[in-house]
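K.L.:
My structure is below; once you've seen it, I'll send some questions.
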Protein chains: 4
Amino acid sequence: MPERAAPPLRRLRAGIVGGGRGAFIGSVHRMAAELDGQALVVAGAMSADPKIARESAAAWFLERAYDSYADMALAEGVDENGIDFVIIATPNHLHYPVAKAFLAAGIHVMCDKPLALTVAEGQELVRLVEGGTTLFALTHNYTGYPSVRQAREMARSGQLGTIRKVMVEYTQDWLMEPLENRGNKQASWRTDPARAGLGGCVGDIGSHAENLLEYVTGLEIESLCADLSCVVPGRRLDDDGNILLRLRGGAKGTLVCSQIACGEENRLSLRVYGSEAGLEWHQQEPNTLIHKPAGKPWVRLRTGQGYMSEPAKTAARMPAGHPEGYVEAFANIYRGFIEDVRRVGSGQPPLRDYPGVKDGLRGLRFIERAVASSQAGSVWLRL
Amino acid sequence: MPERAAPPLRRLRAGIVGGGRGAFIGSVHRMAAELDGQALVVAGAMSADPKIARESAAAWFLERAYDSYADMALAEGVDENGIDFVIIATPNHLHYPVAKAFLAAGIHVMCDKPLALTVAEGQELVRLVEGGTTLFALTHNYTGYPSVRQAREMARSGQLGTIRKVMVEYTQDWLMEPLENRGNKQASWRTDPARAGLGGCVGDIGSHAENLLEYVTGLEIESLCADLSCVVPGRRLDDDGNILLRLRGGAKGTLVCSQIACGEENRLSLRVYGSEAGLEWHQQEPNTLIHKPAGKPWVRLRTGQGYMSEPAKTAARMPAGHPEGYVEAFANIYRGFIEDVRRVGSGQPPLRDYPGVKDGLRGLRFIERAVASSQAGSVWLRL
Amino acid sequence: MPERAAPPLRRLRAGIVGGGRGAFIGSVHRMAAELDGQALVVAGAMSADPKIARESAAAWFLERAYDSYADMALAEGVDENGIDFVIIATPNHLHYPVAKAFLAAGIHVMCDKPLALTVAEGQELVRLVEGGTTLFALTHNYTGYPSVRQAREMARSGQLGTIRKVMVEYTQDWLMEPLENRGNKQASWRTDPARAGLGGCVGDIGSHAENLLEYVTGLEIESLCADLSCVVPGRRLDDDGNILLRLRGGAKGTLVCSQIACGEENRLSLRVYGSEAGLEWHQQEPNTLIHKPAGKPWVRLRTGQGYMSEPAKTAARMPAGHPEGYVEAFANIYRGFIEDVRRVGSGQPPLRDYPGVKDGLRGLRFIERAVASSQAGSVWLRL
Amino acid sequence: MPERAAPPLRRLRAGIVGGGRGAFIGSVHRMAAELDGQALVVAGAMSADPKIARESAAAWFLERAYDSYADMALAEGVDENGIDFVIIATPNHLHYPVAKAFLAAGIHVMCDKPLALTVAEGQELVRLVEGGTTLFALTHNYTGYPSVRQAREMARSGQLGTIRKVMVEYTQDWLMEPLENRGNKQASWRTDPARAGLGGCVGDIGSHAENLLEYVTGLEIESLCADLSCVVPGRRLDDDGNILLRLRGGAKGTLVCSQIACGEENRLSLRVYGSEAGLEWHQQEPNTLIHKPAGKPWVRLRTGQGYMSEPAKTAARMPAGHPEGYVEAFANIYRGFIEDVRRVGSGQPPLRDYPGVKDGLRGLRFIERAVASSQAGSVWLRL
């Protein structure tokens, strides 16, 4: 592979696979990748439909538009002015083949979650990434919020005492009607086992809840008992789930996910109860973290304040009271990843302060076990 | 039994068993019973300790203090100026014998929940009440909030469409330390199987959550899978529970109860998701009910407003914006009960617009099944 | 005047003037007076219309119904089983004559605010009360909230540092239409200068805001600049006001009151900013007080918690999380007053821990100055 | 001036004056300008200190770094690959000369508020802009929030009826200590009349409040009565203000601004009360707008929902529930401006859907009148 200019002197060059017209997440990736002025999206294979691919690339002023991700991986991999990393923003079933192609080309990867369709695919990606030097990040973007990083810091430094109980929830309502039968592209692939994988709601958002819980507490789910449902008649994948959790170390809890919860937009929330304090966070008001020390009043921690921990402070871009949102949190995943791309480019070891391929594999196991538990009559299964 | 003066011309006379010095709930009963100016507490057997019983009665200016509830039931039952109803505010194990004694004396009963210690005791009380003419009310007091009555009205009149999903929670933290070993009278009996019954947290507050859920939705819990814990070492009854629910008609949900949830005071909340709308209510801000019609903005319904349904309007005592609280809701249970005492006294049939002996039996079954499920390894059991 | 039984052995006996059918505040007084089981309303002159007076008394099971307050004052004053105190719950113009009559009869007085129609009347009442031994309390009921007492404690003990800025607001919407022309009894007298006094909105609720501000901060309003309006065409008294404040000691602030603020129920709120901390309180969620120490996160203080100050703790009737509302706060005014009635009855000096005749006079001066400022073109006037 | 490539085929090229190391607002401008992938910052005169200017430019990977804004205006103006627009992110006193320089070079201008130091400077800029073809935008960025645009739409389309009352507030605490004496660069120039202008707090944030109020309601402030203070001893400009407002058409209101309000971060909020409905918005939770129709429950409108008005929908980048924040709102000012730069570049007339030079002049008049009113003893002045 060719030498590239030492990246500290320039913005990194990024390519994107997927994210063409009509896709919501593609433009989020672009905004997040470029937010800190450290990278620019310059190339793309934005759709399997060549016409849409070219039009989408033109709309983004991309320098290079490709008809296929395979072509793109080959061409960019050998171009000395080629991309520094690729963004995978396709439906789930393509994560695995696209990631493999770019890893093979020695191009660093930022991939949407879930990591792949199956645990086996995930294991193969872990093998490839761990055996190589190419970086791999996964957009469990909610871990990018400064307040979530504060929560993690507090939980892991023992400020909560022993964690006893957790409650995590991710509820939406956008699939409460059978949109997949009404031409909605997003709904269509997300309810199709061939493109979405084993899990519907539990895969799409339940896995975000699982990741958030483990990210903050540092406690792995040891076993679960899942009751998943296809509430909307005719749907082939679950659109609602209620899951009992037991965590390593003895804490217990619940994980609720739903895409048929009428009136909910994107209600991801986490509560952790320890022997000395509790924490509560709501994604829809993300700049606040509630700390509940035993026997004392609730304390309202706020993004951007000087009293926050270092990881939370460095993840904030503005003084407190200037709301930071979804894009800023997403961009924090990119920030760590881009720093690592630069480090690796200049011979330093990566810091890997972002979700990676192992978190992705853990998510796939969670999805697989939740579906298996539910299908077996909602019995307990170990993760 | 003697004839008593037609009650419409006077405040009703109430007696109380339990509620002596140090008991929180006794004075709540007195405030709630007397709030509307329709009744006065005039007699009591307020403690098993005769000295405390007498002192407590004197502090309340009671006309008649008894050393035992048995004496009280006998004496009041034959006194033509005797009490019109009795309030049972004792620890759980006394609900059954005290209730039996007053039912036998033909005195109407307002009893704390849970109804009794066991399903068998509960069945006996159902038999006694249904076979007689004496009224029996149970203080599932949270159903007294105007906003809860609004929720019930909306759910039952079909405004939510088909109910698909429910989430109910009742969390506290007051037992997060082993207070029962530190001389706390409340903690002592509530963690003692002989006085509290089979369930700890699930009996004390889980049953309120169960009742609230069924009261609002009109849907019975069909089966459950419960994971109860004794989080505080050495405790003999559960202090935390996570329960999966399946309701008659197909809805599913979760019921979470805890008395070790650090930082929570009395967080009872209910969410109901239907095919056409959702509802959300939080006991700690009880004058607001959130209505979430599909595809439309959330609507914030408020106690005391003219747009509320009749049952909610009649349950409010003040114009909107004058907060009504726990005592006012509790007093609404009394309001319906007192109306029935007057109706029965003047030969009219009772309306029974308050929780009764059957709701109590249902609660006992819920507690018994939750404990059995958990002990069997958190398996599904039918209710 | 006759000797009465030492009140510690019995509930106090109260009488009421006004509060007949259709009046909202009468039943609030009864609930509040009786809530702690320390008093019973037994006599009343509840309406100027003898038929309504008698029917209202019967509905409350009063022992003695009077056709006029004058008869009542005379009769109760000489009856050894007469009332211990009187409640004045009439329109404003009657506060003064009724209070005078009962003071003359040596009967303690609990009077609705404002104290009287004019500053001159108020001065006369101050003279009468200060020159005698009869107790006088005024229902600036919002000072009865435990969280308001906590705020006062914190402000006065220096926890806020030097107070620099205040913002107080009391907004409603119930007069946004000309209800006084549509037969609404409440609206009718409140918009009539002969019965309400100089001020409309500023008198009815602005004076509550003024009292709350001074009660919490201990700082008197030194001067003001008021812009009052009659927003609804044809109305004779102000229904909206914006007022700039300068407080003794140098703090400045705003007082906003309105009865035409569409969508507001009873939005009374107070913010105080000091050199070391701020405080914020909202009457519609009264169990929470927000404390904002400089450079630190906001802290959420809650009614009923053990960490509260003594005055706040003794003003709470229930454990935290059991919402206490408007009636409970109102009853705290009665609690202090009743304690004083008992103290005075047993020869002890009164504690006067409730708003009194001087607070009432202060309120009248505030109303008078605000109206004068506005009429002079919204100029600054000293209070 | 040279022809430039038709911009639709490429990202626009932006330059920046100011915003060097330690400046908060510079990077906000860069993020906002680039967020939609329609522009890139490529040139800059980022500091008056040449070393800092060069280092700042290098940190942003700028293609061209200048030592002075004058050089930059000259050079870029004649370069056919020069910048399409300039961003002015300097302290206030430089807005006027920098703007003049770039207007003279025919380069479109995006300028921080306030427009200039004095009304006279502002009038000169109005003259220059209105007499030419160069575009001028002013970053009254809070008008970029989708919910603010919804509010404007509702107010202006008559959904509130006649507007009767307004309350606008902008409070912070960052200047509650004399940071200007402790080496804080931001505090230093903002409290210096030579660099900040006539107003301190009233200029810095009071003018945002004024602009937001007029933007949403369409009603101009007709007269005001301002009570401004220098709370922190030794400060030369106001750090707190309470202002009474009268609006054209008869509505009245209050405007409160403060930079010494202990515990407040960036609390900008607006309430509008009409004869048919009210509105309420809080910048710190910007994705929610509360609508209060008369006699009906409050309705909670949310950014990104399909039921929003067109201007609000097009201002949202993501589905509801994905919080959009300060940067996204700021970027909406850029979005309209960039669209106009493209339109003008291709011969179309500009749409001017963003704050401009006249809004800036209006803000200067507001500041000047508020200061004059306060200095004259807080008297009423016409605007």
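Within each chain, counting starts at residue 1; across the structure tokens, chains are named A, B, ... in the order shown, with ligands numbered 1 upward in that order.
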Counting only C-alpha atoms, which residues of chain C sit at most 9 Å from some atom of chain B, and what is each one's closest atom pair with its distance in Å to one decimal, listed by chain and rising residue number, as JSON lines?
P.N.:
```
{"residue": "C:Pro8", "atom": "CA", "partner": "B:Phe61", "partner_atom": "CA", "distance": 8.8}
{"residue": "C:Leu9", "atom": "CA", "partner": "B:Phe61", "partner_atom": "CA", "distance": 6.7}
{"residue": "C:Arg10", "atom": "CA", "partner": "B:Phe61", "partner_atom": "CA", "distance": 5.7}
{"residue": "C:Arg11", "atom": "CA", "partner": "B:Phe61", "partner_atom": "CA", "distance": 6.8}
{"residue": "C:Phe24", "atom": "CA", "partner": "B:Met318", "partner_atom": "CA", "distance": 7.3}
{"residue": "C:Ile25", "atom": "CA", "partner": "B:Met318", "partner_atom": "CA", "distance": 9.0}
{"residue": "C:Ser27", "atom": "CA", "partner": "B:Asp36", "partner_atom": "CA", "distance": 8.5}
{"residue": "C:Val28", "atom": "CA", "partner": "B:Met318", "partner_atom": "CA", "distance": 8.3}
{"residue": "C:Arg30", "atom": "CA", "partner": "B:Gly37", "partner_atom": "CA", "distance": 8.0}
{"residue": "C:Met31", "atom": "CA", "partner": "B:Leu35", "partner_atom": "CA", "distance": 5.7}
{"residue": "C:Ala32", "atom": "CA", "partner": "B:Leu35", "partner_atom": "CA", "distance": 8.7}
{"residue": "C:Glu34", "atom": "CA", "partner": "B:Leu35", "partner_atom": "CA", "distance": 7.6}
{"residue": "C:Leu35", "atom": "CA", "partner": "B:Met31", "partner_atom": "CA", "distance": 5.7}
{"residue": "C:Asp36", "atom": "CA", "partner": "B:Met31", "partner_atom": "CA", "distance": 7.0}
{"residue": "C:Gly37", "atom": "CA", "partner": "B:Trp60", "partner_atom": "CA", "distance": 6.7}
{"residue": "C:Gln38", "atom": "CA", "partner": "B:Trp60", "partner_atom": "CA", "distance": 8.0}
{"residue": "C:Ala58", "atom": "CA", "partner": "B:Leu9", "partner_atom": "CA", "distance": 7.9}
{"residue": "C:Ala59", "atom": "CA", "partner": "B:Leu9", "partner_atom": "CA", "distance": 8.6}
{"residue": "C:Trp60", "atom": "CA", "partner": "B:Gly37", "partner_atom": "CA", "distance": 6.7}
{"residue": "C:Phe61", "atom": "CA", "partner": "B:Arg10", "partner_atom": "CA", "distance": 5.7}
{"residue": "C:Leu62", "atom": "CA", "partner": "B:Arg10", "partner_atom": "CA", "distance": 8.9}
{"residue": "C:Gln172", "atom": "CA", "partner": "B:Gly321", "partner_atom": "CA", "distance": 8.9}
{"residue": "C:Glu264", "atom": "CA", "partner": "B:Gly321", "partner_atom": "CA", "distance": 8.2}
{"residue": "C:Glu265", "atom": "CA", "partner": "B:Gly321", "partner_atom": "CA", "distance": 4.8}
{"residue": "C:Asn266", "atom": "CA", "partner": "B:Gly321", "partner_atom": "CA", "distance": 4.6}
{"residue": "C:Arg267", "atom": "CA", "partner": "B:Gly321", "partner_atom": "CA", "distance": 7.1}
{"residue": "C:Gln283", "atom": "CA", "partner": "B:Pro323", "partner_atom": "CA", "distance": 8.0}
{"residue": "C:Gln284", "atom": "CA", "partner": "B:Gly321", "partner_atom": "CA", "distance": 5.8}
{"residue": "C:Glu285", "atom": "CA", "partner": "B:Glu285", "partner_atom": "CA", "distance": 7.0}
{"residue": "C:Pro286", "atom": "CA", "partner": "B:Pro323", "partner_atom": "CA", "distance": 7.7}
{"residue": "C:Asn287", "atom": "CA", "partner": "B:Gln284", "partner_atom": "CA", "distance": 8.9}
{"residue": "C:Gln305", "atom": "CA", "partner": "B:Glu265", "partner_atom": "CA", "distance": 9.0}
{"residue": "C:Arg317", "atom": "CA", "partner": "B:Val28", "partner_atom": "CA", "distance": 8.7}
{"residue": "C:Met318", "atom": "CA", "partner": "B:Phe24", "partner_atom": "CA", "distance": 7.3}
{"residue": "C:Pro319", "atom": "CA", "partner": "B:Glu265", "partner_atom": "CA", "distance": 8.2}
{"residue": "C:Ala320", "atom": "CA", "partner": "B:Glu265", "partner_atom": "CA", "distance": 5.8}
{"residue": "C:Gly321", "atom": "CA", "partner": "B:Asn266", "partner_atom": "CA", "distance": 4.6}
{"residue": "C:His322", "atom": "CA", "partner": "B:Tyr326", "partner_atom": "CA", "distance": 5.5}
{"residue": "C:Pro323", "atom": "CA", "partner": "B:Gly325", "partner_atom": "CA", "distance": 4.7}
{"residue": "C:Glu324", "atom": "CA", "partner": "B:Gly325", "partner_atom": "CA", "distance": 4.9}
{"residue": "C:Gly325", "atom": "CA", "partner": "B:Pro323", "partner_atom": "CA", "distance": 4.7}
{"residue": "C:Tyr326", "atom": "CA", "partner": "B:Pro323", "partner_atom": "CA", "distance": 5.3}
{"residue": "C:Val327", "atom": "CA", "partner": "B:Glu324", "partner_atom": "CA", "distance": 7.5}
{"residue": "C:Glu328", "atom": "CA", "partner": "B:Gly325", "partner_atom": "CA", "distance": 8.6}
```
K.L.:
Could you give me, as a PyMOL selection string, the residues within 10 Å of Ser147 (chain A), counting only C-alpha atoms and dropping anything in the same chain fewer than 4 positions from it?
P.N.:
chain A and resi 142-143+151-153+281-283+286-290+301-304+308-309+311-313+315-316+329
K.L.:
Using C-alpha atoms, can you export the residues from the last selection as a CSV table (one decimal), in the first residue's frame?
P.N.:
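Below is the file part-v8.csv, written as the result:
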```
chain,number,residue,atom,x,y,z
A,142,TYR,CA,-24.8,7.2,22.5
A,143,THR,CA,-21.5,6.5,24.4
A,151,ALA,CA,-21.7,8.4,34.2
A,152,ARG,CA,-19.1,5.8,33.2
A,153,GLU,CA,-16.4,7.7,35.2
A,281,TRP,CA,-29.8,9.8,32.3
A,282,HIS,CA,-32.2,10.5,29.5
A,283,GLN,CA,-31.0,10.7,25.9
A,286,PRO,CA,-28.8,14.6,27.1
A,287,ASN,CA,-26.9,17.5,28.8
A,288,THR,CA,-28.1,16.5,32.2
A,289,LEU,CA,-27.0,13.6,34.4
A,290,ILE,CA,-28.7,13.1,37.7
A,301,LEU,CA,-24.7,17.4,36.6
A,302,ARG,CA,-24.5,19.4,33.4
A,303,THR,CA,-22.5,19.0,30.2
A,304,GLY,CA,-19.8,21.7,29.9
A,308,MET,CA,-17.3,17.5,35.4
A,309,SER,CA,-14.6,14.7,35.2
A,311,PRO,CA,-13.4,12.5,30.1
A,312,ALA,CA,-16.7,14.5,30.2
A,313,LYS,CA,-15.1,17.8,29.9
A,315,ALA,CA,-16.1,15.5,25.2
A,316,ALA,CA,-17.9,18.8,25.5
A,329,ALA,CA,-22.2,12.9,20.6
```
K.L.:
I want to know what sits within 12 Å of Leu74 (chain C), based on only C-alpha atoms, with residues of the same chain fewer than 3 positions away left out; could you give that as a list in words?
P.N.:
Met1, Tyr66, Ser68, Tyr69, Ala70, Asp71, Gly77, Val78, Asp79, Gly82, Ile83, Val98, Lys100, Ala101, Phe102, Leu103, Ala104, Ala105, Gly106 and Ile107 of chain C
K.L.:
Deliver the residues from the most recent selection as a file, using N, CA and C atoms, as a PDB file, in the first residue's frame.
P.N.:
```pdb
ATOM      1  N   MET C   1     -65.722  38.176  79.414  1.00  0.00           N
ATOM      2  CA  MET C   1     -65.935  36.990  78.567  1.00  0.00           C
ATOM      3  C   MET C   1     -65.783  35.705  79.378  1.00  0.00           C
ATOM      4  N   TYR C  66     -75.695  31.151  61.738  1.00  0.00           N
ATOM      5  CA  TYR C  66     -76.128  32.519  61.995  1.00  0.00           C
ATOM      6  C   TYR C  66     -76.505  33.203  60.687  1.00  0.00           C
ATOM      7  N   SER C  68     -76.119  36.540  60.422  1.00  0.00           N
ATOM      8  CA  SER C  68     -75.197  37.651  60.232  1.00  0.00           C
ATOM      9  C   SER C  68     -73.959  37.461  61.088  1.00  0.00           C
ATOM     10  N   TYR C  69     -72.871  37.991  60.598  1.00  0.00           N
ATOM     11  CA  TYR C  69     -71.617  37.850  61.350  1.00  0.00           C
ATOM     12  C   TYR C  69     -71.674  38.627  62.660  1.00  0.00           C
ATOM     13  N   ALA C  70     -72.461  39.698  62.660  1.00  0.00           N
ATOM     14  CA  ALA C  70     -72.549  40.498  63.875  1.00  0.00           C
ATOM     15  C   ALA C  70     -73.216  39.689  64.993  1.00  0.00           C
ATOM     16  N   ASP C  71     -74.329  39.041  64.639  1.00  0.00           N
ATOM     17  CA  ASP C  71     -74.988  38.164  65.624  1.00  0.00           C
ATOM     18  C   ASP C  71     -74.022  37.099  66.121  1.00  0.00           C
ATOM     19  N   GLY C  77     -69.216  35.145  71.459  1.00  0.00           N
ATOM     20  CA  GLY C  77     -68.317  35.792  72.411  1.00  0.00           C
ATOM     21  C   GLY C  77     -68.729  35.584  73.857  1.00  0.00           C
ATOM     22  N   VAL C  78     -70.022  35.371  74.081  1.00  0.00           N
ATOM     23  CA  VAL C  78     -70.480  35.239  75.463  1.00  0.00           C
ATOM     24  C   VAL C  78     -70.834  33.798  75.827  1.00  0.00           C
ATOM     25  N   ASP C  79     -70.684  32.900  74.890  1.00  0.00           N
ATOM     26  CA  ASP C  79     -71.023  31.489  75.134  1.00  0.00           C
ATOM     27  C   ASP C  79     -69.790  30.764  75.660  1.00  0.00           C
ATOM     28  N   GLY C  82     -68.507  28.606  73.270  1.00  0.00           N
ATOM     29  CA  GLY C  82     -68.412  29.292  71.987  1.00  0.00           C
ATOM     30  C   GLY C  82     -67.116  28.958  71.255  1.00  0.00           C
ATOM     31  N   ILE C  83     -67.023  29.510  70.063  1.00  0.00           N
ATOM     32  CA  ILE C  83     -65.864  29.208  69.222  1.00  0.00           C
ATOM     33  C   ILE C  83     -64.573  29.805  69.811  1.00  0.00           C
ATOM     34  N   VAL C  98     -65.756  42.662  59.633  1.00  0.00           N
ATOM     35  CA  VAL C  98     -65.907  41.371  60.319  1.00  0.00           C
ATOM     36  C   VAL C  98     -64.792  41.199  61.354  1.00  0.00           C
ATOM     37  N   LYS C 100     -63.142  43.481  62.869  1.00  0.00           N
ATOM     38  CA  LYS C 100     -63.393  44.368  64.009  1.00  0.00           C
ATOM     39  C   LYS C 100     -64.425  43.778  64.975  1.00  0.00           C
ATOM     40  N   ALA C 101     -65.472  43.201  64.413  1.00  0.00           N
ATOM     41  CA  ALA C 101     -66.537  42.651  65.255  1.00  0.00           C
ATOM     42  C   ALA C 101     -66.021  41.512  66.134  1.00  0.00           C
ATOM     43  N   PHE C 102     -65.225  40.637  65.558  1.00  0.00           N
ATOM     44  CA  PHE C 102     -64.750  39.493  66.337  1.00  0.00           C
ATOM     45  C   PHE C 102     -63.633  39.882  67.304  1.00  0.00           C
ATOM     46  N   LEU C 103     -62.801  40.812  66.868  1.00  0.00           N
ATOM     47  CA  LEU C 103     -61.791  41.313  67.812  1.00  0.00           C
ATOM     48  C   LEU C 103     -62.496  41.931  69.024  1.00  0.00           C
ATOM     49  N   ALA C 104     -63.565  42.655  68.756  1.00  0.00           N
ATOM     50  CA  ALA C 104     -64.312  43.289  69.841  1.00  0.00           C
ATOM     51  C   ALA C 104     -64.905  42.246  70.786  1.00  0.00           C
ATOM     52  N   ALA C 105     -65.236  41.080  70.198  1.00  0.00           N
ATOM     53  CA  ALA C 105     -65.804  40.013  71.024  1.00  0.00           C
ATOM     54  C   ALA C 105     -64.719  39.161  71.672  1.00  0.00           C
ATOM     55  N   GLY C 106     -63.485  39.514  71.457  1.00  0.00           N
ATOM     56  CA  GLY C 106     -62.377  38.765  72.069  1.00  0.00           C
ATOM     57  C   GLY C 106     -62.142  37.404  71.436  1.00  0.00           C
ATOM     58  N   ILE C 107     -62.549  37.276  70.199  1.00  0.00           N
ATOM     59  CA  ILE C 107     -62.378  35.991  69.501  1.00  0.00           C
ATOM     60  C   ILE C 107     -61.214  36.095  68.519  1.00  0.00           C
TER      61      ILE C 107
END
```
K.L.:
Report the distance between CA of Gly241 (chain B) and CA of Val216 (chain B) in Å, rounded to one decimal place.
P.N.:
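Straight-line distance from CA of Gly241 (chain B) to CA of Val216 (chain B) works out to 21.6 Å.
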K.L.:
Residues at most 9 Å from Gly356 (chain A), counting only C-alpha atoms, excluding those fewer than 4 positions away in the same chain, as a PDB file with N, CA and C atoms, in the first residue's frame?
P.N.:
```pdb
ATOM      1  N   LEU A 135      -7.568  -0.118  11.900  1.00  0.00           N
ATOM      2  CA  LEU A 135      -8.459   0.263  13.004  1.00  0.00           C
ATOM      3  C   LEU A 135      -9.916  -0.011  12.651  1.00  0.00           C
ATOM      4  N   PHE A 136     -10.705  -0.282  13.680  1.00  0.00           N
ATOM      5  CA  PHE A 136     -12.117  -0.575  13.475  1.00  0.00           C
ATOM      6  C   PHE A 136     -12.928   0.056  14.598  1.00  0.00           C
ATOM      7  N   ALA A 137     -13.850   0.926  14.235  1.00  0.00           N
ATOM      8  CA  ALA A 137     -14.729   1.553  15.233  1.00  0.00           C
ATOM      9  C   ALA A 137     -16.185   1.271  14.894  1.00  0.00           C
ATOM     10  N   LEU A 138     -17.009   1.229  15.904  1.00  0.00           N
ATOM     11  CA  LEU A 138     -18.422   0.908  15.735  1.00  0.00           C
ATOM     12  C   LEU A 138     -19.248   2.050  16.332  1.00  0.00           C
ATOM     13  N   THR A 139     -20.264   2.486  15.619  1.00  0.00           N
ATOM     14  CA  THR A 139     -20.985   3.689  16.083  1.00  0.00           C
ATOM     15  C   THR A 139     -22.063   3.390  17.127  1.00  0.00           C
ATOM     16  N   HIS A 140     -21.602   2.905  18.262  1.00  0.00           N
ATOM     17  CA  HIS A 140     -22.508   2.955  19.413  1.00  0.00           C
ATOM     18  C   HIS A 140     -22.424   4.392  19.914  1.00  0.00           C
ATOM     19  N   ARG A 352      -7.810   3.542  21.286  1.00  0.00           N
ATOM     20  CA  ARG A 352      -9.072   2.788  21.211  1.00  0.00           C
ATOM     21  C   ARG A 352     -10.113   3.259  22.224  1.00  0.00           C
ATOM     22  N   GLY A 360     -18.974  -4.976  19.329  1.00  0.00           N
ATOM     23  CA  GLY A 360     -19.899  -5.400  18.290  1.00  0.00           C
ATOM     24  C   GLY A 360     -20.245  -6.872  18.423  1.00  0.00           C
ATOM     25  N   LEU A 361     -19.242  -7.675  18.696  1.00  0.00           N
ATOM     26  CA  LEU A 361     -19.497  -9.108  18.853  1.00  0.00           C
ATOM     27  C   LEU A 361     -20.383  -9.353  20.070  1.00  0.00           C
TER      28      LEU A 361
END
```
